[in-house]
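Pasted below: work20.cif, mmCIF, C-alpha atoms and all ligand atoms.
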```cif
data_data
#
loop_
_atom_site.label_atom_id
_atom_site.label_comp_id
_atom_site.auth_asym_id
_atom_site.auth_seq_id
_atom_site.Cartn_x
_atom_site.Cartn_y
_atom_site.Cartn_z
CA MET E 189 103.66 76.18 155.92
CA THR E 190 105.99 75.25 158.77
CA GLN E 191 104.35 71.80 159.09
CA LYS E 192 105.83 70.66 155.80
CA TYR E 193 109.26 70.45 157.46
CA ILE E 194 108.06 68.14 160.21
CA PRO E 195 108.95 64.88 158.40
CA HIS E 196 112.45 66.22 157.72
CA LEU E 197 113.04 67.25 161.32
CA LEU E 198 111.67 63.99 162.67
CA ALA E 199 113.76 61.92 160.23
CA LEU E 200 116.88 63.80 161.20
CA ASP E 201 116.11 63.30 164.87
CA ARG E 202 115.43 59.58 164.33
CA GLU E 203 118.43 58.82 162.10
CA ARG E 204 120.94 61.29 163.59
CA ASP E 205 122.60 61.21 160.15
CA TRP E 206 122.05 63.47 157.14
CA ALA E 207 122.33 60.79 154.46
CA ARG E 208 120.04 58.27 156.20
CA ALA E 209 117.51 60.96 157.10
CA ALA E 210 117.46 62.16 153.47
CA GLN E 211 116.95 58.57 152.33
CA ALA E 212 114.12 58.09 154.83
CA CYS E 213 112.44 61.20 153.42
CA GLY E 214 113.02 60.01 149.85
CA ILE E 215 115.02 63.11 148.91
CA SER E 216 118.68 63.98 148.27
CA ASP E 217 121.07 65.18 151.01
CA ASN E 218 121.04 68.62 149.41
CA ALA E 219 117.24 68.77 149.35
CA LEU E 220 117.14 67.84 153.05
CA ALA E 221 119.71 70.53 153.93
CA GLN E 222 117.67 73.02 151.89
CA ALA E 223 114.45 72.03 153.72
CA ILE E 224 116.10 72.52 157.11
CA ARG E 225 117.45 75.91 155.99
CA SER E 226 113.93 76.91 154.91
CA ALA E 227 112.54 75.83 158.29
CA GLU E 228 115.26 77.85 160.06
CA ALA E 229 114.36 80.88 157.92
CA GLU E 230 110.70 80.55 158.90
CA PHE E 231 111.49 80.21 162.62
CA GLY E 232 114.21 82.84 162.49
CA HIS E 233 116.62 80.58 164.38
CA ALA E 234 119.19 77.92 163.66
CA LEU E 235 117.57 74.59 164.41
CA VAL E 236 120.46 72.24 163.66
CA ARG E 237 124.00 72.73 164.90
CA ALA E 238 126.43 73.65 162.14
CA GLY E 239 128.85 71.03 160.84
CA ARG E 240 129.06 67.58 159.36
CA PRO E 241 128.50 64.82 160.35
CA PHE E 242 125.20 65.63 162.04
CA GLN E 243 125.92 67.62 165.25
CA GLY E 244 122.48 67.54 166.87
CA PHE E 245 119.76 70.16 167.33
CA THR E 246 120.11 73.61 168.83
CA LEU E 247 118.06 74.61 171.87
CA GLU E 248 115.45 76.18 169.59
CA GLY E 249 115.69 73.11 167.34
CA GLU E 250 114.80 70.88 170.32
CA GLN E 251 111.77 73.07 171.04
CA VAL E 252 110.61 72.90 167.45
CA LEU E 253 111.22 69.15 167.51
CA ALA E 254 109.00 68.74 170.59
CA TRP E 255 106.23 70.64 168.79
CA ALA E 256 106.79 68.51 165.66
CA ARG E 257 106.44 65.29 167.64
CA GLN E 258 103.21 66.48 169.23
CA PHE E 259 101.87 67.56 165.87
CA ALA E 260 102.72 64.19 164.30
CA GLN E 261 101.07 62.35 167.21
CA ALA E 262 97.93 64.49 166.94
CA VAL E 263 97.75 63.77 163.20
CA ASP E 264 98.19 60.03 163.84
CA ALA E 265 95.44 60.09 166.49
CA LEU E 266 93.11 61.90 164.10
CA LYS E 267 93.82 59.40 161.32
CA HIS E 268 93.06 56.51 163.70
CA CYS E 269 89.88 58.22 164.79
CA PHE E 270 88.78 58.74 161.17
CA ALA E 271 89.64 55.13 160.33
CA ASP E 272 87.56 53.95 163.34
CA THR E 273 84.66 56.12 162.20
CA ARG E 274 84.87 54.52 158.73
CA LYS E 275 84.97 51.04 160.27
CA ARG E 276 82.05 51.82 162.60
CA ALA E 277 80.07 53.13 159.64
CA GLY E 278 80.61 49.79 157.91
CA LEU E 279 79.23 47.99 160.97
CA ALA E 280 76.46 50.52 161.66
CA PRO E 281 73.49 48.19 161.00
CA LEU E 282 74.97 45.48 163.25
CA LEU E 283 75.79 47.97 166.01
CA ALA E 284 72.29 49.42 165.92
CA ARG E 285 70.26 46.19 166.08
CA ARG E 286 67.77 45.95 168.91
CA SER E 287 64.98 43.54 169.59
CA VAL E 288 61.60 45.16 169.06
CA SER E 289 58.62 44.22 171.17
CA PRO E 290 55.52 42.99 169.29
CA ARG E 291 53.75 46.07 170.76
CA ARG E 292 55.93 48.22 168.53
CA LEU E 293 55.32 46.21 165.36
CA ALA E 294 52.71 46.87 162.67
CA MET E 295 51.95 45.92 159.09
CA PRO E 296 53.54 45.31 156.70
CA GLY E 297 55.56 42.30 157.75
CA PRO E 298 58.20 40.65 155.62
CA ASP E 299 56.96 39.06 152.40
CA SER E 300 57.98 35.65 151.13
CA GLY E 301 61.09 37.04 149.39
CA ASP E 302 62.19 38.83 152.58
CA MET E 303 61.70 35.60 154.51
CA ASP E 304 63.90 33.71 152.01
CA LEU E 305 66.60 36.38 152.34
CA MET E 306 66.56 36.15 156.14
CA ILE E 307 66.80 32.36 155.94
CA GLU E 308 69.64 32.70 153.42
CA ALA E 309 71.45 34.94 155.93
CA ALA E 310 70.81 32.34 158.65
CA LEU E 311 72.30 29.70 156.37
CA CYS E 312 75.48 31.81 156.15
CA ALA E 313 76.14 31.51 159.90
CA PRO E 314 79.12 29.36 160.96
CA ASP E 315 77.95 25.76 161.06
CA HIS E 316 80.30 22.85 161.85
CA GLY E 317 79.70 20.16 159.23
CA ALA E 318 77.10 22.33 157.42
CA LEU E 319 74.40 20.36 159.24
CA HIS E 320 71.94 23.27 159.45
CA PRO E 321 70.64 21.90 162.77
CA TRP E 322 67.61 24.19 162.81
CA ARG E 323 64.48 25.00 160.86
CA VAL E 324 61.79 27.65 160.87
CA LEU E 325 58.08 27.04 161.00
CA GLU E 326 55.89 29.77 159.54
CA PHE E 327 52.38 30.59 160.71
CA PRO E 328 50.36 32.00 157.80
CA ALA E 329 47.84 34.73 158.68
CA HIS E 330 44.83 32.41 158.37
CA GLN E 331 46.39 29.96 160.89
CA ARG E 332 47.13 32.49 163.60
CA GLU E 333 43.80 32.11 165.42
CA ALA E 334 44.36 28.36 165.59
CA LEU E 335 47.80 29.01 167.04
CA ALA E 336 46.24 31.44 169.55
CA SER E 337 43.97 28.61 170.72
CA LEU E 338 47.02 26.38 171.20
CA PHE E 339 48.71 29.11 173.26
CA GLU E 340 45.55 29.51 175.35
CA GLN E 341 45.31 25.76 175.96
CA GLU E 342 48.98 25.65 176.96
CA LYS E 343 48.45 28.51 179.39
CA LEU E 344 45.46 26.70 180.94
CA ARG E 345 47.42 23.46 181.23
CA ARG E 346 50.00 25.32 183.30
CA ASP E 347 47.53 27.45 185.21
CA PRO E 348 43.93 26.19 185.07
CA LEU E 349 42.80 29.28 187.00
CA ALA E 350 44.68 31.78 184.82
CA PRO E 351 42.97 35.18 184.82
CA ALA E 352 41.35 36.42 181.62
CA ASP E 353 44.12 38.99 181.10
CA ASP E 354 46.78 36.28 181.06
CA ILE E 355 44.76 34.25 178.56
CA ARG E 356 44.35 37.34 176.36
CA ARG E 357 48.10 37.99 176.49
CA ALA E 358 48.87 34.37 175.61
CA ARG E 359 46.53 34.55 172.60
CA GLU E 360 47.94 37.94 171.56
CA HIS E 361 51.42 36.52 171.26
CA ALA E 362 50.10 34.35 168.44
CA THR E 363 48.19 37.08 166.63
CA ARG E 364 49.73 40.46 167.37
CA ALA E 365 52.82 40.73 165.12
CA PRO E 366 52.38 40.96 161.35
CA ALA E 367 54.52 37.84 160.94
CA LEU E 368 55.35 35.04 163.35
CA ILE E 369 57.64 32.07 162.97
CA ALA E 370 58.88 29.38 165.33
CA PHE E 371 62.63 28.77 165.41
CA ILE E 372 63.29 25.09 165.98
CA ILE E 373 66.62 23.54 166.99
CA SER E 374 67.03 20.29 165.18
CA PRO E 375 70.29 18.59 166.24
CA ARG E 376 71.53 15.56 164.30
CA PRO E 377 72.21 13.05 167.10
CA ARG E 378 74.27 10.66 165.01
CA SER E 379 76.56 13.32 163.59
CA ARG E 380 80.26 13.40 164.50
CA VAL E 381 79.71 17.10 165.31
CA PRO E 382 79.13 17.45 169.08
CA VAL E 383 75.54 18.38 169.89
CA ARG E 384 76.66 21.46 171.82
CA GLU E 385 78.32 22.77 168.66
CA GLN E 386 75.10 22.16 166.75
CA TRP E 387 73.26 24.29 169.34
CA LEU E 388 75.86 27.00 168.87
CA ALA E 389 75.46 26.81 165.10
CA ALA E 390 71.68 27.10 165.50
CA GLY E 391 72.15 30.11 167.78
CA ALA E 392 74.45 31.73 165.24
CA ALA E 393 71.81 31.10 162.55
CA LEU E 394 69.16 32.69 164.77
CA GLY E 395 71.43 35.72 165.26
CA ASN E 396 71.98 36.06 161.51
CA PHE E 397 68.24 35.75 160.92
CA LEU E 398 67.52 38.61 163.38
CA ASN E 399 70.33 40.74 161.94
CA ALA E 400 69.02 40.18 158.43
CA ALA E 401 65.54 41.27 159.54
CA HIS E 402 67.10 44.43 160.95
CA HIS E 403 69.10 45.03 157.71
CA LEU E 404 65.88 44.71 155.74
CA GLY E 405 64.31 47.37 157.95
CA PHE E 406 62.03 45.11 159.99
CA GLY E 407 61.71 44.95 163.74
CA ALA E 408 62.04 41.47 165.23
CA ILE E 409 62.22 39.76 168.59
CA VAL E 410 62.50 36.17 169.71
CA LEU E 411 60.47 35.21 172.77
CA SER E 412 60.28 31.77 174.31
CA GLY E 413 58.60 31.44 177.70
CA GLU E 414 57.20 28.32 179.35
CA ARG E 415 55.17 27.33 176.33
CA CYS E 416 58.35 26.42 174.46
CA PHE E 417 58.83 23.52 176.88
CA ASP E 418 55.31 22.14 176.57
CA PRO E 419 55.26 18.65 174.98
CA ALA E 420 51.62 19.00 173.86
CA LEU E 421 52.44 22.23 172.01
CA HIS E 422 55.52 20.55 170.53
CA SER E 423 53.43 17.77 169.04
CA ALA E 424 50.71 20.17 167.84
CA LEU E 425 53.43 22.09 165.98
CA GLY E 426 54.88 18.91 164.53
CA LEU E 427 58.21 18.92 166.35
CA ARG E 428 60.09 15.68 165.82
CA GLU E 429 61.78 13.56 168.49
CA GLY E 430 64.91 15.38 169.72
CA GLU E 431 63.86 18.78 168.38
CA HIS E 432 63.56 21.86 170.60
CA LEU E 433 61.38 24.92 170.32
CA ALA E 434 63.85 27.82 170.76
CA GLY E 435 61.22 30.53 170.56
CA PHE E 436 58.77 32.46 168.44
CA ILE E 437 60.07 35.30 166.29
CA SER E 438 57.70 38.23 165.84
CA LEU E 439 58.41 40.41 162.81
CA GLY E 440 56.94 43.61 161.42
CA THR E 441 57.40 47.27 160.63
CA ILE E 442 58.66 49.31 163.58
CA THR E 443 56.13 51.90 164.78
CA SER E 444 58.26 53.26 167.62
CA GLN E 445 61.91 52.63 168.33
CA PRO E 446 62.93 50.70 171.44
CA SER E 447 65.16 52.47 173.95
CA PRO E 448 68.86 52.54 173.09
CA ARG E 449 70.97 49.64 174.25
CA ALA E 450 72.85 50.07 177.53
CA THR E 451 76.51 50.33 176.60
CA VAL E 452 78.88 47.60 177.66
CA ALA E 453 82.57 48.40 177.20
CA PRO E 454 84.06 45.87 174.76
CA SER E 455 87.15 45.82 176.98
CA SER E 456 85.05 44.33 179.79
CA MET E 457 84.53 41.26 177.58
CA ARG E 458 88.22 40.74 176.81
CA THR E 459 91.05 39.17 178.73
CA ALA E 460 94.45 38.17 177.44
CA TRP E 461 95.73 34.74 178.33
CA GLN E 462 99.00 34.82 180.29
CA ALA E 463 101.15 31.72 179.90
CA GLU E 464 102.93 32.43 183.21
CA GLN E 465 99.66 32.60 185.17
CA ALA E 466 98.36 29.43 183.53
CA ALA E 467 101.58 27.62 184.41
CA ALA E 468 101.30 28.83 188.03
CA VAL E 469 97.70 27.58 188.28
CA THR E 470 98.68 24.19 186.81
CA ALA E 471 101.60 23.90 189.24
CA GLN E 472 99.32 24.82 192.15
CA ALA E 473 96.81 22.14 191.10
CA LEU E 474 99.56 19.51 190.93
CA LEU E 475 100.64 20.47 194.44
CA GLN E 476 97.11 19.80 195.75
CA PRO E 477 96.45 16.13 195.03
CA ASP E 478 93.32 16.23 197.23
CA GLY E 479 91.58 18.56 194.82
CA ASN E 480 88.96 17.48 192.30
CA HIS E 481 91.58 17.01 189.61
CA ASP E 482 92.20 13.37 190.41
CA SER E 483 89.16 11.68 188.95
CA HIS E 484 90.11 8.21 190.30
CA GLY E 485 91.09 9.21 193.85
CA SER E 486 87.72 9.04 195.57
CA ASP E 487 86.89 5.55 194.28
CA LEU E 488 90.11 3.87 195.33
C1 LIG Q 501 66.12 31.94 172.27
C2 LIG Q 501 65.73 33.22 172.95
C3 LIG Q 501 64.58 33.27 173.71
C4 LIG Q 501 64.21 34.43 174.35
N1 LIG Q 501 63.08 34.46 175.11
C5 LIG Q 501 62.72 35.58 175.75
C6 LIG Q 501 61.55 35.63 176.55
O1 LIG Q 501 60.80 34.66 176.66
N2 LIG Q 501 61.26 36.77 177.21
C7 LIG Q 501 62.07 37.88 177.10
O2 LIG Q 501 61.77 38.90 177.71
N3 LIG Q 501 63.20 37.87 176.34
C8 LIG Q 501 63.53 36.76 175.66
N4 LIG Q 501 64.66 36.75 174.89
C9 LIG Q 501 65.46 37.95 174.81
C10 LIG Q 501 64.92 38.95 173.78
O3 LIG Q 501 64.66 38.31 172.54
C11 LIG Q 501 65.94 40.08 173.52
O4 LIG Q 501 67.12 39.55 173.00
C12 LIG Q 501 66.20 40.83 174.77
O5 LIG Q 501 65.03 41.52 175.16
C13 LIG Q 501 67.35 41.83 174.61
O6 LIG Q 501 67.10 42.74 173.59
P1 LIG Q 501 68.20 43.03 172.47
O7 LIG Q 501 68.17 41.86 171.54
O8 LIG Q 501 67.77 44.33 171.84
O9 LIG Q 501 69.51 43.16 173.18
C14 LIG Q 501 65.02 35.59 174.23
C15 LIG Q 501 66.17 35.54 173.44
C16 LIG Q 501 66.53 34.37 172.82
C17 LIG Q 501 67.78 34.36 171.98
#
```
Target format structure tokens, applied to this file:
Amino acid sequence: MTQKYIPHLLALDRERDWARAAQACGISDNALAQAIRSAEAEFGHALVRAGRPFQGFTLEGEQVLAWARQFAQAVDALKHCFADTRKRAGLAPLLARRSVSPRRLAMPGPDSGDMDLMIEAALCAPDHGALHPWRVLEFPAHQREALASLFEQEKLRRDPLAPADDIRRAREHATRAPALIAFIISPRPRSRVPVREQWLAAGAALGNFLNAAHHLGFGAIVLSGERCFDPALHSALGLREGEHLAGFISLGTITSQPSPRATVAPSSMRTAWQAEQAAAVTAQALLQPDGNHDSHGSDL
């Protein structure tokens, strides 16, 4: 196989020295010379100019070298591609998660053990100060009609003339999915952790919860809507002062898959910070004292 000489040729090209090339290949000088002779025998041409120290490649040697470089690059590209495939396979469940509409959900829903696992996953989300500034409120099957009445009342508060179809849809949101929970943001106002970071931690927990549902094979979706801002519903659900109703999570077994996600190129979400540009922007701002950067200027 001619390919077996590629590392020797490339090492010789890189090092331009027999001894160093042999060392790079982990073989003796003699073994390297022998390998090159074997390659020359296979190609039927001298590849390296005669003489010591190393005299360079012949014309044919340069041609073989060009092929060797291409071959090595192609092998590298393939290895990267295979490594990426392995990495993607490891992330497959995360990359495949989609929200699933309650219309596509049927029995069975998650049982109590599944629910604990999803909450455990939510508890593993990054959380500054381990405050767990969130909680979930479950609606057992026998309470769902009562919840439907609350949703109906909320709809009528907002729109006293709401058509029957809208009322039916509002009620259905409470009853349709095999399992329903409310996700409540519960910031700790007296904590040294900024409230905005607590919101982020709660969002990360919500994401982990949804990913865990997906890992367990359930479909899930979080839906909020106007009702999540209704104080009367808040108090009927027992929300405490300062708490927020993020949304209702419907869970169940997927009966039909949602459409695939529209692809967004990861590169479109990345930019690299450039120190030079930042310095230029800062300098520009300093040159414009009338800008909004001087917080005292307008009052003086
Ligand atoms: C807190 C929260 C509330 C949401 N509320 C609604 C909603 O009221 N209506 C809606 O259509 N989507 C809502 N969504 C978005 C859906 O849950 C879902 O993420 C969206 O349809 C995109 O689907 P995907 O998760 O498969 O990308 C909400 C998402 C979050 C995180």
**Request:** Show me which residues sit within 6 Å of ligand LIG 501 (chain Q) when counting only C-alpha atoms and all ligand atoms, and put them as a ChimeraX atom specification.
**Result:** /E:286-287,409-413,434-435
Where does range 419-465 of chain E meet range 304-325 of chain E within 10 Å, residue by residue, with the nearest atom pair and distance in Å to one decimal for each, counting only C-alpha atoms, listed by chain and rising number, as a tab-separated table?
```
residue	atom	partner	partner_atom	distance
E:Leu425	CA	E:Leu325	CA	8.4
E:Gly426	CA	E:Leu325	CA	9.4
E:Leu427	CA	E:Leu325	CA	9.7
E:Glu431	CA	E:Trp322	CA	8.6
E:His432	CA	E:Trp322	CA	9.1
E:Leu433	CA	E:Trp322	CA	9.8
E:Ala434	CA	E:Trp322	CA	9.5
E:Phe436	CA	E:Leu325	CA	9.2
E:Ile437	CA	E:Val324	CA	9.5
```
**Item:** Selected residue, from E:His268, E:Phe371, E:Trp255, E:Asp205, that lies nearest to Gln243 in chain E when counting all atoms listed in the file
**Value:**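 Looking only at the distances to Gln243 in chain E, the closest residue turns out to be E:Asp205.
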Which centre and edge lengths in Å to one decimal define the box along x, y and z that fits every listed atom of range 299-310 of chain E plus 4 Å per side, as lines of an AutoDock Vina configuration file?
```
center_x = 64.2
center_y = 35.7
center_z = 154.0
size_x = 22.5
size_y = 14.7
size_z = 17.3
```
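Picture a line from CA of Thr246 in chain E to CA of Tyr193 in chain E; it runs 16.0 Å.
When CA of Glu250 in chain E is paired with CA of Gln211 in chain E, their separation reads 21.9 Å.
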**Message:** For a test of reading the model, state the distance in Å between CA of Leu394 in chain E and CA of Ser337 in chain E, rounded to one decimal.
**Reply:** 26.2 Å
**Which residue of E:Ala352, E:Leu253, E:Ala229, E:Ala392 approaches Arg202 in chain E most closely, using all atoms listed in the file** =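 For Arg202 in chain E, the nearest of the candidates is E:Leu253.
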**Request:** Mind listing whatever residues come within 9 Å of the point (53.1, 46.7, 170.2)? Use all atoms listed in the file, file coordinates, and give them as a PyMOL selection string.
**Result:** chain E and resi 288-294+364-365+443-444
